[in-house]
Structure formats: structure tokens, C-alpha cells
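Report on the following structure.
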Amino acid sequence: MAMKMNDIIYKKREGGKLSKEEIDWFITGYVAGDIPDYQVSALLMAIFFRGLDREETFQLTNAMRYSGDTIDLSPIKGIKVDKHSTGGVGDKTTLIVAPLAAACGVPIAKMSGRGLGFTGGTVDKMESIPGFRTSLEPEEFLNQVNETGMAVIGQTAHITPADKKLYALRDVTSTVDNFGLISSSIMSKKLAAGSDAIVLDVKCGDGAFMENLDDAVKLAHLMVDIGTDAGRRTVAAITEMGQPLGLAVGNSLEVIEAIETLKGRGPADITELALRLSGIMVYLGGKAASPEEGCKMTEEALKSGAGLEMLRRFIAAQGGDAAVVDDYSLFPQASVCRELKAENSGYVAQIAARTIGLASQHTGAGRATKEDSLDLAAGVVLSKKVGDAVETGEVLATFYGNDETKVAAAMEAAKEAFVIAEEPVQAPKLIKEIIGL
Ligand code: URA
């Protein structure tokens, strides 16, 4: 009997379990344009309230994974390891972990995203490097990984079209923050992108989709289960996103911080996170006997400069000017620079990541609409982190951009991100849990 969308909506509305056939049918029909947005919206809302069980989530992931092209990475030798962050503020981790893991012999063939809302995206960041190409032909992409050790490109239009359509619909129907929908969305893309193993950085806190630890743990387990069921080694680290990661937020500012980190001069939190995640990647890539040994190898790659050298080669291979690594004046420059100063002394108790992310967006570093172009020089650089002591009049953060009004508005918006306490404050734990090792 022919399926009807109305029956599928009804079944989920009443708390029923969707079959593989029903899920495949609605995804295929939706991508083909045969099922209208209003019916899919109703189904999404039913899913939002009734949820998806492990099997339904897996079937939805697969239906989206195969809704378009999938990447065959078999021409690349070795165990390919991917890394994905669920999205945060100041998260330039890919630009550090990818070169470190590649320098330890793990081939990295990665697709990254653009910024979304108040969160940044690796593709936008890489575009602040003059000449850098974020789009490569499939053969070029594979050859570059074999020859250089790594390649990072933007997602092609033909990968997981079902996720693209569903994500856009979820965005406007208040159905984004659902465990089954988030995990299937992320994992469909990761599985279609073809790597053998996946390291997930599940952000937790005010600047992330998952604001509390229990939710982040639940999401991480779901994604690890999907990856495992699909035959991919999958590990998830739950990491702090209550305050921005590192000090820099904004495209070229974050690339500069990533370079500084590869030079051994990065902030402590981003350095620690990058070493731990890349260590796990080296282990999953079969180049170390344990994650700890992997971490020692990536530490060595950082100390010896091998990671920095890999970054240089990667930038040049994708048409970028590798001289930026030694000369930051080659990045787009900001003409406006303003400092936010502390109004009282004490200890920094909070730097709300979401507020800083939004402030950075206001400077011009992020998009308010899909069509907006970015000011790649714009953003925020913190001078303090949670736990630091601060004196009245000391600089808390510096705001960059090319539009006086935007920078002033951003600074105003960022003020409320900072909470100064009288008593000493403990810095938050960076890596909260690791699942799947
Ligand atoms: N990132 C994604 O790719 N999908 C989601 O649903 C949420 C975050």
C-alpha cells in the first residue's frame, strides 16, 4: 500500500515508532520536492515532543547520509580520522588539531562548516588567509591528502541535501534542539564524508547548543552509538563552552591564535584541548598504542614545530599565502580598535560565551542573515579568562572591526558578559568527560 505523509505524522504524534521504510520514504520525498514543508514541519514537531529511539535515529541518519553524494576516501592511504565540534565561540581547534595529527602521520581529509548564529565556522576562518581556496575538486582533495597529509574544505552542495533542507526548516520551526534531530544531522554529514574514525567535541555551556552537562552527555552517547552502529570508531569529548575557548573570537584573529598555539605560545585551554583531541586522533589513526601515547606524540609535534610546518604546507597547497604564518600583517586588518576596561577589581567569575559570540557577530565577524558578507578582521580578543584577578581600569577585552558604529555596539553588548566577583574563583574544568574510548 502506498504510504501517506499524514499517516506518518499521525503515527509519531501518537508516540509510535517509525519504520526504516517510512523514514526513507519521507526523506526521499522531501528531497525530491514531493512532500511539502508544512507536512515535514508537522512531523518535526511530533518528533520534537515524542522523540526518536536509537533505531529510528540511526535510520534517519542513514536516510540523510545517502540522500546525496558520499565521499569515497579509499584512494587515501591509512586510517582517516575526522574531528567535529558541535559548535562554540572561539573554537579554532580544527586549525590546530588537524596539523598536529597530520604531522603524526594521520591523514586528515576534512569537510568543515561556516559560522551558524553566534558560533564561528572553520571555513570562514580559513578564508581570512589571502588566496586560500576552501573548495577543491574531488581529485585535488584526495591528492592533496596523499601528498601533503591534510586537506580541509567546505561542504560540497551535493552532500546530505536532506540535512540541508531539514536544518533550514528546523531553524524556523523551533525544532533545532532535539537530541535525535541534532545527532542524526551531525552524524549523517560525518558518515557521508567518509573518514574511518570520528572524534566529536561536544560543547557544553552557555555558548553551546547543550547548556548543561547531562544533556551534553546524552547527545555524546547518541552520536557515539550512531557512529559505532555504522562501523566507525567514534569518541566524544565533552568540553567547556561557558566562556570562549582561548582568547580570540573572530576569523583572522582566531587563525592568528591557532598559529600562535602551534608556535607553543597559545592560551592554556586551547593548547590543552588541541593536544588531547589530536592525541585521541593519533590513537584512533593507529599511530599510537594509547590516547596517552598519542598525546605525547602531538606534544612533541607541537614542540618540534612539525605541526606548524604542516600548517604552512597545508595553506600553500590550498593556494593560500603561507607567509601569514610569520607575518600577521598579511591578514585583513581592522581600522577600528577599542578597549573594554574593568569597572571594579576582583576575580573574573564569568565571561558568557554566547554574549561574546553575539558581540563578535556585531563587530562584523559573523552573519546576521545568510547573505551577509563578513569582516574577516573583526572580532574580540579577551585579556582575561575566568579565574583571573583583575584591577579596576585593566583591559578585559579589545574589539576590532572596520565600522566604528558596529564596534561600539559590540562593546556595549559585551559588557554584560563579564561578571567580576570579590572572592577568588576556580577556573572551570576544560574536558569534562570522554565517551567511547
Ligand atoms: N550542527 C549540525 O550540523 N546540526 C544540528 O542539528 C546541530 C548542530
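Residue numbers start at 1 in each chain; chains themselves are named A, B, ... in the order of the C-alpha cells; ligands are numbered from 1 in the order shown.
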Sorted per-residue table, chain A near ligand 1, closest atoms and distance, 12 Å, only C-alpha atoms and all ligand atoms, as CSV:
residue,atom,partner,partner_atom_place_in_ligand_line,distance
A:Thr61,CA,ligand 1,6 (O),11.3
A:Met64,CA,ligand 1,4 (N),11.9
A:His84,CA,ligand 1,3 (O),9.4
A:Ser85,CA,ligand 1,1 (N),8.3
A:Thr86,CA,ligand 1,8 (C),5.5
A:Gly87,CA,ligand 1,8 (C),6.8
A:Gly88,CA,ligand 1,8 (C),10.1
A:Met111,CA,ligand 1,3 (O),11.8
A:Ser112,CA,ligand 1,3 (O),10.1
A:Gly113,CA,ligand 1,3 (O),8.3
A:Arg114,CA,ligand 1,3 (O),10.3
A:Gly115,CA,ligand 1,1 (N),10.3
A:Leu116,CA,ligand 1,1 (N),8.5
A:Gly117,CA,ligand 1,8 (C),10.7
A:Thr119,CA,ligand 1,8 (C),10.2
A:Gly120,CA,ligand 1,1 (N),11.7
A:Gly121,CA,ligand 1,1 (N),10.8
A:Gln155,CA,ligand 1,3 (O),11.2
A:Thr160,CA,ligand 1,3 (O),10.7
A:Ala162,CA,ligand 1,4 (N),11.7
A:Asp163,CA,ligand 1,4 (N),8.0
A:Lys164,CA,ligand 1,3 (O),8.9
A:Lys165,CA,ligand 1,4 (N),11.4
A:Leu166,CA,ligand 1,6 (O),9.0
A:Tyr167,CA,ligand 1,6 (O),6.4
A:Ala168,CA,ligand 1,6 (O),9.8
A:Leu169,CA,ligand 1,6 (O),10.9
A:Arg170,CA,ligand 1,6 (O),8.3
A:Asp171,CA,ligand 1,6 (O),9.1
A:Ser174,CA,ligand 1,6 (O),11.7
A:Thr175,CA,ligand 1,6 (O),9.2
A:Val176,CA,ligand 1,6 (O),5.9
A:Asp177,CA,ligand 1,6 (O),7.2
A:Asn178,CA,ligand 1,6 (O),7.9
A:Phe179,CA,ligand 1,6 (O),8.5
A:Gly180,CA,ligand 1,6 (O),8.8
A:Leu181,CA,ligand 1,6 (O),5.9
A:Ile182,CA,ligand 1,6 (O),3.5
A:Ser183,CA,ligand 1,6 (O),6.6
A:Ser184,CA,ligand 1,6 (O),7.5
A:Ser185,CA,ligand 1,4 (N),4.6
A:Ile186,CA,ligand 1,3 (O),4.4
A:Met187,CA,ligand 1,3 (O),8.1
A:Ser188,CA,ligand 1,3 (O),8.8
A:Lys189,CA,ligand 1,3 (O),7.5
A:Lys190,CA,ligand 1,3 (O),9.3
A:Leu200,CA,ligand 1,1 (N),11.5
A:Asp201,CA,ligand 1,1 (N),11.6
A:Val202,CA,ligand 1,8 (C),10.1
A:Lys203,CA,ligand 1,8 (C),10.5
A:Ala208,CA,ligand 1,8 (C),9.4
A:Phe209,CA,ligand 1,8 (C),7.4
A:Met210,CA,ligand 1,7 (C),9.9
A:Leu219,CA,ligand 1,7 (C),10.6
A:Met223,CA,ligand 1,5 (C),11.6
### Task
Can you list, as a ChimeraX atom specification, all residues belonging to range 9-157 of chain A that DSSP tags as alpha helix (DSSP H)?
/A:9-13,20-32,37-50,54-65,94-103,122-126,138-148
Can you write just those residues out, C-alpha atoms, as an mmCIF file, in the first residue's frame?
data_model
loop_
_atom_site.group_PDB
_atom_site.id
_atom_site.type_symbol
_atom_site.label_atom_id
_atom_site.label_comp_id
_atom_site.auth_asym_id
_atom_site.auth_seq_id
_atom_site.Cartn_x
_atom_site.Cartn_y
_atom_site.Cartn_z
ATOM 1 C CA ILE A 9 2.732 12.296 11.116
ATOM 2 C CA TYR A 10 -0.193 10.667 12.959
ATOM 3 C CA LYS A 11 1.886 7.664 13.989
ATOM 4 C CA LYS A 12 4.620 9.827 15.510
ATOM 5 C CA ARG A 13 2.100 12.205 17.055
ATOM 6 C CA LYS A 20 13.039 2.293 8.184
ATOM 7 C CA GLU A 21 10.702 2.283 5.150
ATOM 8 C CA GLU A 22 8.688 5.224 6.472
ATOM 9 C CA ILE A 23 11.804 7.236 7.284
ATOM 10 C CA ASP A 24 13.413 6.504 3.896
ATOM 11 C CA TRP A 25 10.156 7.358 2.122
ATOM 12 C CA PHE A 26 9.670 10.780 3.716
ATOM 13 C CA ILE A 27 13.329 11.781 3.339
ATOM 14 C CA THR A 28 13.386 10.771 -0.339
ATOM 15 C CA GLY A 29 10.070 12.516 -0.977
ATOM 16 C CA TYR A 30 11.141 15.664 0.843
ATOM 17 C CA VAL A 31 14.435 15.985 -1.057
ATOM 18 C CA ALA A 32 12.620 15.364 -4.356
ATOM 19 C CA ASP A 37 7.407 21.863 4.061
ATOM 20 C CA TYR A 38 4.175 22.100 6.084
ATOM 21 C CA GLN A 39 3.872 18.334 6.437
ATOM 22 C CA VAL A 40 7.551 17.894 7.277
ATOM 23 C CA SER A 41 7.222 20.744 9.824
ATOM 24 C CA ALA A 42 4.356 18.872 11.492
ATOM 25 C CA LEU A 43 6.403 15.673 11.597
ATOM 26 C CA LEU A 44 9.397 17.532 13.047
ATOM 27 C CA MET A 45 7.222 18.935 15.811
ATOM 28 C CA ALA A 46 5.801 15.464 16.538
ATOM 29 C CA ILE A 47 9.388 14.131 16.697
ATOM 30 C CA PHE A 48 10.332 17.051 18.943
ATOM 31 C CA PHE A 49 7.695 16.038 21.519
ATOM 32 C CA ARG A 50 7.748 12.236 21.090
ATOM 33 C CA ARG A 54 18.116 4.616 18.949
ATOM 34 C CA GLU A 55 16.982 2.641 15.906
ATOM 35 C CA GLU A 56 14.873 5.452 14.448
ATOM 36 C CA THR A 57 17.751 7.897 14.982
ATOM 37 C CA PHE A 58 20.105 5.506 13.184
ATOM 38 C CA GLN A 59 17.663 5.068 10.275
ATOM 39 C CA LEU A 60 17.136 8.825 9.977
ATOM 40 C CA THR A 61 20.916 9.342 9.994
ATOM 41 C CA ASN A 62 21.318 6.789 7.209
ATOM 42 C CA ALA A 63 18.468 8.178 5.125
ATOM 43 C CA MET A 64 20.095 11.637 5.277
ATOM 44 C CA ARG A 65 23.599 10.226 4.775
ATOM 45 C CA THR A 94 40.433 22.233 13.927
ATOM 46 C CA LEU A 95 43.190 24.576 12.742
ATOM 47 C CA ILE A 96 45.460 23.180 15.464
ATOM 48 C CA VAL A 97 44.438 19.524 15.833
ATOM 49 C CA ALA A 98 44.397 18.785 12.107
ATOM 50 C CA PRO A 99 48.050 19.842 11.521
ATOM 51 C CA LEU A 100 49.200 18.151 14.759
ATOM 52 C CA ALA A 101 47.507 14.836 13.926
ATOM 53 C CA ALA A 102 48.660 15.044 10.293
ATOM 54 C CA ALA A 103 52.225 15.738 11.463
ATOM 55 C CA THR A 122 36.314 26.872 10.223
ATOM 56 C CA VAL A 123 35.594 27.630 6.551
ATOM 57 C CA ASP A 124 35.031 31.341 7.264
ATOM 58 C CA LYS A 125 38.208 31.423 9.364
ATOM 59 C CA MET A 126 40.330 29.818 6.639
ATOM 60 C CA PRO A 138 37.430 15.779 -5.556
ATOM 61 C CA GLU A 139 40.645 14.526 -7.174
ATOM 62 C CA GLU A 140 42.627 17.535 -5.964
ATOM 63 C CA PHE A 141 41.280 16.962 -2.444
ATOM 64 C CA LEU A 142 42.358 13.309 -2.377
ATOM 65 C CA ASN A 143 45.755 14.021 -3.978
ATOM 66 C CA GLN A 144 46.457 16.795 -1.515
ATOM 67 C CA VAL A 145 45.887 14.499 1.466
ATOM 68 C CA ASN A 146 48.195 11.860 -0.035
ATOM 69 C CA GLU A 147 50.887 14.418 -0.876
ATOM 70 C CA THR A 148 50.659 16.941 1.986
#
#### Entry: Two-atom distance - CA of Phe331 in chain A, CA of Ser128 in chain A (Å)
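It comes out at 6.5 Å.
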#### Entry: Å distance separating CA of Val325 in chain A from CA of Ala258 in chain A, one decimal place
9.9 Å
#### Entry: DSSP strand (DSSP E) selection over range 159-219 of chain A, as a list in words
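Selection result, strand (DSSP E) within range 159-219 of chain A: Ala197, Ile198, Val199, Leu200, Asp201, Val202, Lys203 and Cys204 of chain A.
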Please, which residues in range 361-435 of chain A fall within 10 Å of range 260-276 of chain A when counting only C-alpha atoms, and what is the closest atom pair and distance in Å to one decimal for each, ordered by chain then residue number, as a Markdown table?
| residue | atom | partner | partner_atom | distance |
| --- | --- | --- | --- | --- |
| A:Lys385 | CA | A:Pro267 | CA | 9.7 |
| A:Lys429 | CA | A:Asp269 | CA | 9.5 |
| A:Leu430 | CA | A:Asp269 | CA | 6.9 |
| A:Ile431 | CA | A:Leu273 | CA | 7.4 |
Keeping only N, CA and C atoms, take the residues you just selected and write them out as a PDB file, in the first residue's frame.
ATOM      1  N   LYS A 385      40.631  35.525  31.527  1.00  0.00           N
ATOM      2  CA  LYS A 385      39.811  34.314  31.497  1.00  0.00           C
ATOM      3  C   LYS A 385      39.195  34.138  32.888  1.00  0.00           C
ATOM      4  N   LYS A 429      36.630  23.331  34.715  1.00  0.00           N
ATOM      5  CA  LYS A 429      37.332  22.180  34.147  1.00  0.00           C
ATOM      6  C   LYS A 429      37.072  22.157  32.637  1.00  0.00           C
ATOM      7  N   LEU A 430      38.136  22.009  31.867  1.00  0.00           N
ATOM      8  CA  LEU A 430      38.011  22.110  30.407  1.00  0.00           C
ATOM      9  C   LEU A 430      37.409  20.850  29.779  1.00  0.00           C
ATOM     10  N   ILE A 431      38.007  19.682  30.093  1.00  0.00           N
ATOM     11  CA  ILE A 431      37.493  18.438  29.498  1.00  0.00           C
ATOM     12  C   ILE A 431      36.719  17.724  30.580  1.00  0.00           C
TER      13      ILE A 431
END
### Task
Give me the residues within 8 Å of His362 in chain A as a ChimeraX atom specification, counting only C-alpha atoms and dropping any in the same chain fewer than 6 places off.
/A:406-407,409-410
Just write the chosen residues, C-alpha atoms, as a JSON list (two decimals), in the first residue's frame.
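What follows is the written file result-v2.json:
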[["chain", "number", "residue", "atom", "x", "y", "z"],
["A", 406, "LYS", "CA", 29.37, 48.31, 14.85],
["A", 407, "VAL", "CA", 32.42, 48.09, 17.12],
["A", 409, "ALA", "CA", 27.59, 48.41, 19.64],
["A", 410, "ALA", "CA", 29.54, 45.19, 20.07]]
